[in-house]
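Novice: So that we are looking at the same thing, I have put the structure below in structure tokens.
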Amino acid sequence: MFRWAKPRLDRMQATLFSPTLDAMISQDHPVRLFEEMLRELLDWSAWESHYVLVAGQPPIHPRVMAGAILYGLSKGIRSSRQLEDACVNRLDFMWLTEGRRIDHSTFAGFRTRFADELKSLFKQLNRSAMTMGMILLAQTGLDGTKIRANSSRHGTASGETLAARLAALDDEVEELMSHWATADGVEDGLYGAEVTPNRLPRKLADLKRRQARLGKALEAAGRKSAGAEEGKSASGKQTKKKKIKVPVADPESTVHPNKEGGYAPNYTPEALVDGAKGLIVGTDVLADPAEGDVVVPMVDELEKSLGQKPKQLLADGAYGSGENLSALASREVDALIPVSRTAEPLSPEENPAVRADLSSPVPSAEWAKLPRNRQSKKLDRSAFVYDGAADCYWCPMGHRLGFIGIQNKQRSGGSGGGIYRRYRCDACKTCPRSETCVASKTGVRTIYREQYEPLREAMESRLGSKEGQESYRRRSWIAETPFAVIKTVMGVRQFLLRGLSKVKTEWLWICTAYNLNKMVRKVAALRAKFAALA
């Protein structure tokens, strides 16, 4: 006869001694340590000051609310309705919230209410991690990624379309307002002028909200179109005019290639990561993918919050502008960032232009190996070697490019200006190799040397050394691992909130949960190790 395991408790059986909520969670469950760290390591007084405790229904302590949100993020439970469901149906959430049934609207309001306090909480947590030796700031990595905005990829419109929609909506609102004004006059005659409504009719209120949303989208389209025109005029290139489209639901996001394929509205969250245990020590979110702009503010904010600058900063070429290299050097931060070049980088040993006698031409057999510009296919500027002693360049044919003056020049894309020293060759018009070198209508080759060029050359030299390569090899592991965990384990593929300010707050919640989860695992491992030694 078969024997089946009997249920521990019949559903219909009344119990004299029911198990406590605490007994239903094992002693080594991570939620216990999660709650302990929230209670013992962090100061909640700034959060508590927002509550009025002398009147009305007693509020839930912000530690409980924030704990549920952070613990939910670490488990891939993000939305307010999912958190509400977890508080009722998951034992770990029931234990963490002590049996409270928290409504989804309460979670939604709390998530955006404490932006400044959340920044302080993030700093407190990192200071505690620094005390524990989990943050050393000896080596840090900076990177960004693309995360979908809370807006449909098909819900975009150009400025002209938005203006037409807004004009039609204005007419509809005006018509409804006239209708309601007439109706109010009739009602005043029936009931008296003192009887007034306390809110707009639902249809009119909906139109007003749509009107405000379209107005914001039209304003964003105007800003982005102006930015595109400024970039085009700065670069000096005449390109086919392209209509700028903005997402209507979240006009502060930007449409560009999505990580999962195709085009979609995205934000670009940034993370500065410490290399010791992979904790995030700095965060930001960009609406436009101009990632280089975050380097200096993030380093300065890190020194302000933790009292120490990173000794070494690793980043990819998107952050390698001359301004950033100069600013990091002045702050005594050891940066390893590839500089942007127009040709495939070659080491001095691989580049035939680097030769002992610069006045002698490169052998004909070596010309095929000279670096070429990716776009023009002509000889790249890296095929011209700078002679610091004589302040001139030498071309592959052994001709001298002398200094002819200084020019203030706007960079392509309108990303600022720079001071350039100009060098020109007088032998181009009679040179037999000019067709592989000269692309301008003047028939001569001019080389521009920016004021930051010595920093770029020094950076290339350091990255080409054995020590530089060994250090830079850690960049992808340090800087990109948090994004992999946040996207795959925590399930963050799209933001829930809209608007840059709210998205920044959401990203800070995500990074705080990521750090707290790593600290919980580290402390749990240490306690298990000590328990085994006892």
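By convention here, the chains of the structure tokens are called A, B, ... in the order presented, each chain's residues are numbered starting at 1, and ligands are numbered starting at 1 in the order presented.
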When you look at A:Gly317 with a cut-off of 8 Å (counting only C-alpha atoms), what residues show up, excluding the ones that are within fewer than 2 positions of it in the same chain? I need them as number ranges by chain.
Specialist: A: 315, 319-320, 337-340
Novice: For the selection just defined, write its residues with N, CA and C atoms to a file, as a PDB file, in the first residue's frame.
Specialist:
```
ATOM      1  N   ALA A 315      37.845  54.184 -17.824  1.00  0.00           N
ATOM      2  CA  ALA A 315      36.633  54.451 -18.599  1.00  0.00           C
ATOM      3  C   ALA A 315      36.930  54.194 -20.064  1.00  0.00           C
ATOM      4  N   TYR A 319      34.533  58.904 -22.762  1.00  0.00           N
ATOM      5  CA  TYR A 319      34.838  59.860 -21.702  1.00  0.00           C
ATOM      6  C   TYR A 319      36.204  60.521 -21.906  1.00  0.00           C
ATOM      7  N   GLY A 320      36.870  60.241 -23.037  1.00  0.00           N
ATOM      8  CA  GLY A 320      38.251  60.660 -23.218  1.00  0.00           C
ATOM      9  C   GLY A 320      38.434  62.000 -23.871  1.00  0.00           C
ATOM     10  N   ILE A 337      42.017  56.289 -19.933  1.00  0.00           N
ATOM     11  CA  ILE A 337      40.872  56.449 -20.823  1.00  0.00           C
ATOM     12  C   ILE A 337      41.382  56.536 -22.255  1.00  0.00           C
ATOM     13  N   PRO A 338      40.981  55.641 -23.139  1.00  0.00           N
ATOM     14  CA  PRO A 338      41.404  55.753 -24.542  1.00  0.00           C
ATOM     15  C   PRO A 338      40.912  57.057 -25.148  1.00  0.00           C
ATOM     16  N   VAL A 339      41.745  57.703 -25.941  1.00  0.00           N
ATOM     17  CA  VAL A 339      41.367  58.962 -26.571  1.00  0.00           C
ATOM     18  C   VAL A 339      40.740  58.674 -27.929  1.00  0.00           C
ATOM     19  N   SER A 340      39.870  59.559 -28.329  1.00  0.00           N
ATOM     20  CA  SER A 340      39.173  59.394 -29.593  1.00  0.00           C
ATOM     21  C   SER A 340      40.103  59.729 -30.755  1.00  0.00           C
TER      22      SER A 340
END
```
Novice: Please list as number ranges by chain every residue within 10 Å of stretch 33-36 of chain A, counting only C-alpha atoms and excluding residues in the same chain fewer than 2 positions away.
Specialist: A: 27-31, 38-42, 63-64, 67-68, 70-71, 95-97, 516-517, 519-521, 523-524
Novice: Keeping only C-alpha atoms, take the residues you just selected and write them out as a PDB file, in the first residue's frame.
Specialist:
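Now in selection-v6.pdb:
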```pdb
ATOM      1  CA  GLN A  27      17.259  32.311  11.158  1.00  0.00           C
ATOM      2  CA  ASP A  28      19.698  32.476   8.231  1.00  0.00           C
ATOM      3  CA  HIS A  29      17.232  34.061   5.789  1.00  0.00           C
ATOM      4  CA  PRO A  30      18.823  37.139   4.128  1.00  0.00           C
ATOM      5  CA  VAL A  31      15.810  39.336   4.899  1.00  0.00           C
ATOM      6  CA  LEU A  38      18.605  49.159   7.577  1.00  0.00           C
ATOM      7  CA  ARG A  39      17.938  49.531  11.297  1.00  0.00           C
ATOM      8  CA  GLU A  40      21.483  49.627  12.692  1.00  0.00           C
ATOM      9  CA  LEU A  41      23.603  51.304   9.994  1.00  0.00           C
ATOM     10  CA  LEU A  42      21.354  54.081   8.711  1.00  0.00           C
ATOM     11  CA  ARG A  63      12.453  52.499   7.277  1.00  0.00           C
ATOM     12  CA  VAL A  64       9.718  49.922   6.662  1.00  0.00           C
ATOM     13  CA  GLY A  67      13.080  48.543   3.201  1.00  0.00           C
ATOM     14  CA  ALA A  68      10.213  46.989   1.240  1.00  0.00           C
ATOM     15  CA  LEU A  70      14.877  48.144  -1.640  1.00  0.00           C
ATOM     16  CA  TYR A  71      14.331  44.489  -0.768  1.00  0.00           C
ATOM     17  CA  TRP A  95       8.096  39.546   8.046  1.00  0.00           C
ATOM     18  CA  LEU A  96       9.894  42.677   6.800  1.00  0.00           C
ATOM     19  CA  THR A  97       6.757  44.843   6.963  1.00  0.00           C
ATOM     20  CA  LEU A 516      22.783  46.933   0.046  1.00  0.00           C
ATOM     21  CA  ASN A 517      22.328  43.459  -1.411  1.00  0.00           C
ATOM     22  CA  MET A 519      26.773  44.229   1.628  1.00  0.00           C
ATOM     23  CA  VAL A 520      24.220  41.767   3.027  1.00  0.00           C
ATOM     24  CA  ARG A 521      25.876  38.901   1.188  1.00  0.00           C
ATOM     25  CA  VAL A 523      28.320  40.259   6.017  1.00  0.00           C
ATOM     26  CA  ALA A 524      26.476  36.940   5.846  1.00  0.00           C
TER      27      ALA A 524
END
```
Novice: How far is it from atom CA of A:Asn408 to atom CA of A:Arg422, in Å with one decimal?
Specialist: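 Interatomic distance here is 10.4 Å.
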Novice: Any idea what's packed within 12 Å of A:Arg473, counting only C-alpha atoms, ignoring anything in its chain fewer than 6 positions away? Could you give it as a VMD selection string?
Specialist: chain A and resid 141 314 to 316 336 to 337 463 to 464 466 to 467 479
Novice: Would you export the selected residues with N, CA and C atoms as a compact mmCIF listing (two decimals), in the first residue's frame, please?
Specialist:
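Output file result.txt follows:
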```
# COMPACT_ATOMS: atom_id res chain seq x y z
N GLY A 141 35.85 52.31 -11.92
CA GLY A 141 35.46 52.23 -13.32
C GLY A 141 34.18 53.00 -13.56
N LEU A 314 39.11 54.28 -14.56
CA LEU A 314 39.10 53.56 -15.83
C LEU A 314 37.79 53.85 -16.54
N ALA A 315 37.85 54.18 -17.82
CA ALA A 315 36.63 54.45 -18.60
C ALA A 315 36.93 54.19 -20.06
N ASP A 316 35.87 54.09 -20.87
CA ASP A 316 36.08 53.86 -22.30
C ASP A 316 36.24 55.19 -23.03
N LEU A 336 42.90 56.31 -16.90
CA LEU A 336 43.24 55.44 -18.03
C LEU A 336 42.02 55.40 -18.94
N ILE A 337 42.02 56.29 -19.93
CA ILE A 337 40.87 56.45 -20.82
C ILE A 337 41.38 56.54 -22.26
N LEU A 463 48.66 53.81 -22.02
CA LEU A 463 47.82 52.66 -22.36
C LEU A 463 48.58 51.64 -23.19
N GLY A 464 49.61 52.06 -23.87
CA GLY A 464 50.42 51.12 -24.64
C GLY A 464 51.44 50.37 -23.81
N LYS A 466 52.89 48.00 -20.62
CA LYS A 466 52.42 46.74 -20.03
C LYS A 466 51.59 47.00 -18.78
N GLU A 467 52.03 47.94 -17.94
CA GLU A 467 51.29 48.24 -16.72
C GLU A 467 49.92 48.84 -17.04
N ALA A 479 33.40 48.09 -14.37
CA ALA A 479 32.37 49.06 -14.75
C ALA A 479 31.11 48.43 -15.30
```
Novice: Find the spatial neighbours of A:Lys146, counting only C-alpha atoms, within a cut-off of 10 Å - ignore same-chain residues fewer than 4 positions away - and output them as a list of chain:residue names.
Specialist: A:His256, A:Pro257, A:Asn258, A:Lys259, A:Glu260, A:Pro265, A:Asn266, A:Tyr267, A:Thr268, A:Pro269, A:Glu270, A:Val285, A:Leu286, A:Pro289, A:Phe483, A:Arg493, A:Gln494
Novice: Would you output that residue set with C-alpha atoms, as an mmCIF file, in the first residue's frame?
Specialist:
```cif
data_model
loop_
_atom_site.group_PDB
_atom_site.id
_atom_site.type_symbol
_atom_site.label_atom_id
_atom_site.label_comp_id
_atom_site.auth_asym_id
_atom_site.auth_seq_id
_atom_site.Cartn_x
_atom_site.Cartn_y
_atom_site.Cartn_z
ATOM 1 C CA HIS A 256 18.231 56.334 -30.232
ATOM 2 C CA PRO A 257 19.343 52.722 -30.854
ATOM 3 C CA ASN A 258 18.117 50.400 -28.135
ATOM 4 C CA LYS A 259 20.211 47.664 -26.509
ATOM 5 C CA GLU A 260 17.583 45.051 -27.385
ATOM 6 C CA PRO A 265 13.032 56.242 -26.182
ATOM 7 C CA ASN A 266 15.912 55.721 -23.764
ATOM 8 C CA TYR A 267 17.766 57.246 -20.869
ATOM 9 C CA THR A 268 21.493 56.786 -20.229
ATOM 10 C CA PRO A 269 22.140 55.894 -16.577
ATOM 11 C CA GLU A 270 25.745 56.226 -15.390
ATOM 12 C CA VAL A 285 21.222 59.759 -15.539
ATOM 13 C CA LEU A 286 21.503 61.567 -18.871
ATOM 14 C CA PRO A 289 24.079 60.243 -24.606
ATOM 15 C CA PHE A 483 24.724 46.795 -15.291
ATOM 16 C CA ARG A 493 15.079 46.804 -18.544
ATOM 17 C CA GLN A 494 12.746 49.804 -18.502
#
```
Novice: Let me make sure I understand: among A:Ala271, A:Leu91, A:Met130, A:Cys437, which one has the smallest atom-to-atom distance to A:Met24 if we use only C-alpha atoms?
Specialist: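 Nearest to A:Met24: A:Leu91.
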Novice: So which residues of stretch 263-508 of chain A fall under strand (DSSP E) by DSSP, listed as a PyMOL selection string?
Specialist: chain A and resi 263-274+280-286+312-315+334-336+385-387+392-394+400-410+417-425+446-450
Novice: Rank nothing, just name the residue among A:Glu98, A:Glu301, A:Glu460, A:Asp357 nearest to A:Ala335, using only C-alpha atoms.
Specialist: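 Nearest to A:Ala335: A:Glu460.
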Novice: Residues near stretch 307-313 of chain A, anyone? I mean within 7 Å using only C-alpha atoms, not counting same-chain ones fewer than 6 positions away, as a list of chain:residue names.
Specialist: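 Those residues are A:Leu137, A:Ala138, A:Gln139, A:Thr140, A:Gly141, A:Val299, A:Val333, A:Asp334, A:Ala335, A:Leu336.
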Novice: When you look at A:Ser49 with a cut-off of 12 Å (counting only C-alpha atoms), what residues show up, excluding the ones that are within fewer than 4 positions of it in the same chain? I need them as number ranges by chain.
Specialist: A: 43-45, 53, 61-62, 114, 117
Novice: I need the chosen residues saved as a compact mmCIF listing (two decimals), in the first residue's frame, with C-alpha atoms.
Specialist:
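Writing the result to result-v8.txt gives the following:
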```txt
# COMPACT_ATOMS: atom_id res chain seq x y z
CA ASP A 43 19.96 57.27 10.22
CA TRP A 44 16.29 57.87 9.37
CA SER A 45 15.79 61.15 11.22
CA LEU A 53 2.77 62.51 14.25
CA HIS A 61 7.87 54.29 9.53
CA PRO A 62 9.94 55.26 6.46
CA PHE A 114 12.23 61.46 -0.59
CA GLU A 117 16.90 61.86 1.69
```
Novice: Could you pull out the residues in stretch 39-182 of chain A that DSSP calls helix (DSSP H, G or I) from the backbone, as an MDAnalysis selection string?
Specialist: chainID A and resid 39:40 45:48 62:74 80:89 91:96 104:113 115:131 159:182
Novice: Work out how far apart atom CA of A:Ala149 and atom CA of A:Ser476 are and give it in Å to one decimal.
Specialist: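 Value for the atom CA of A:Ala149-atom CA of A:Ser476 distance: 24.8 Å.
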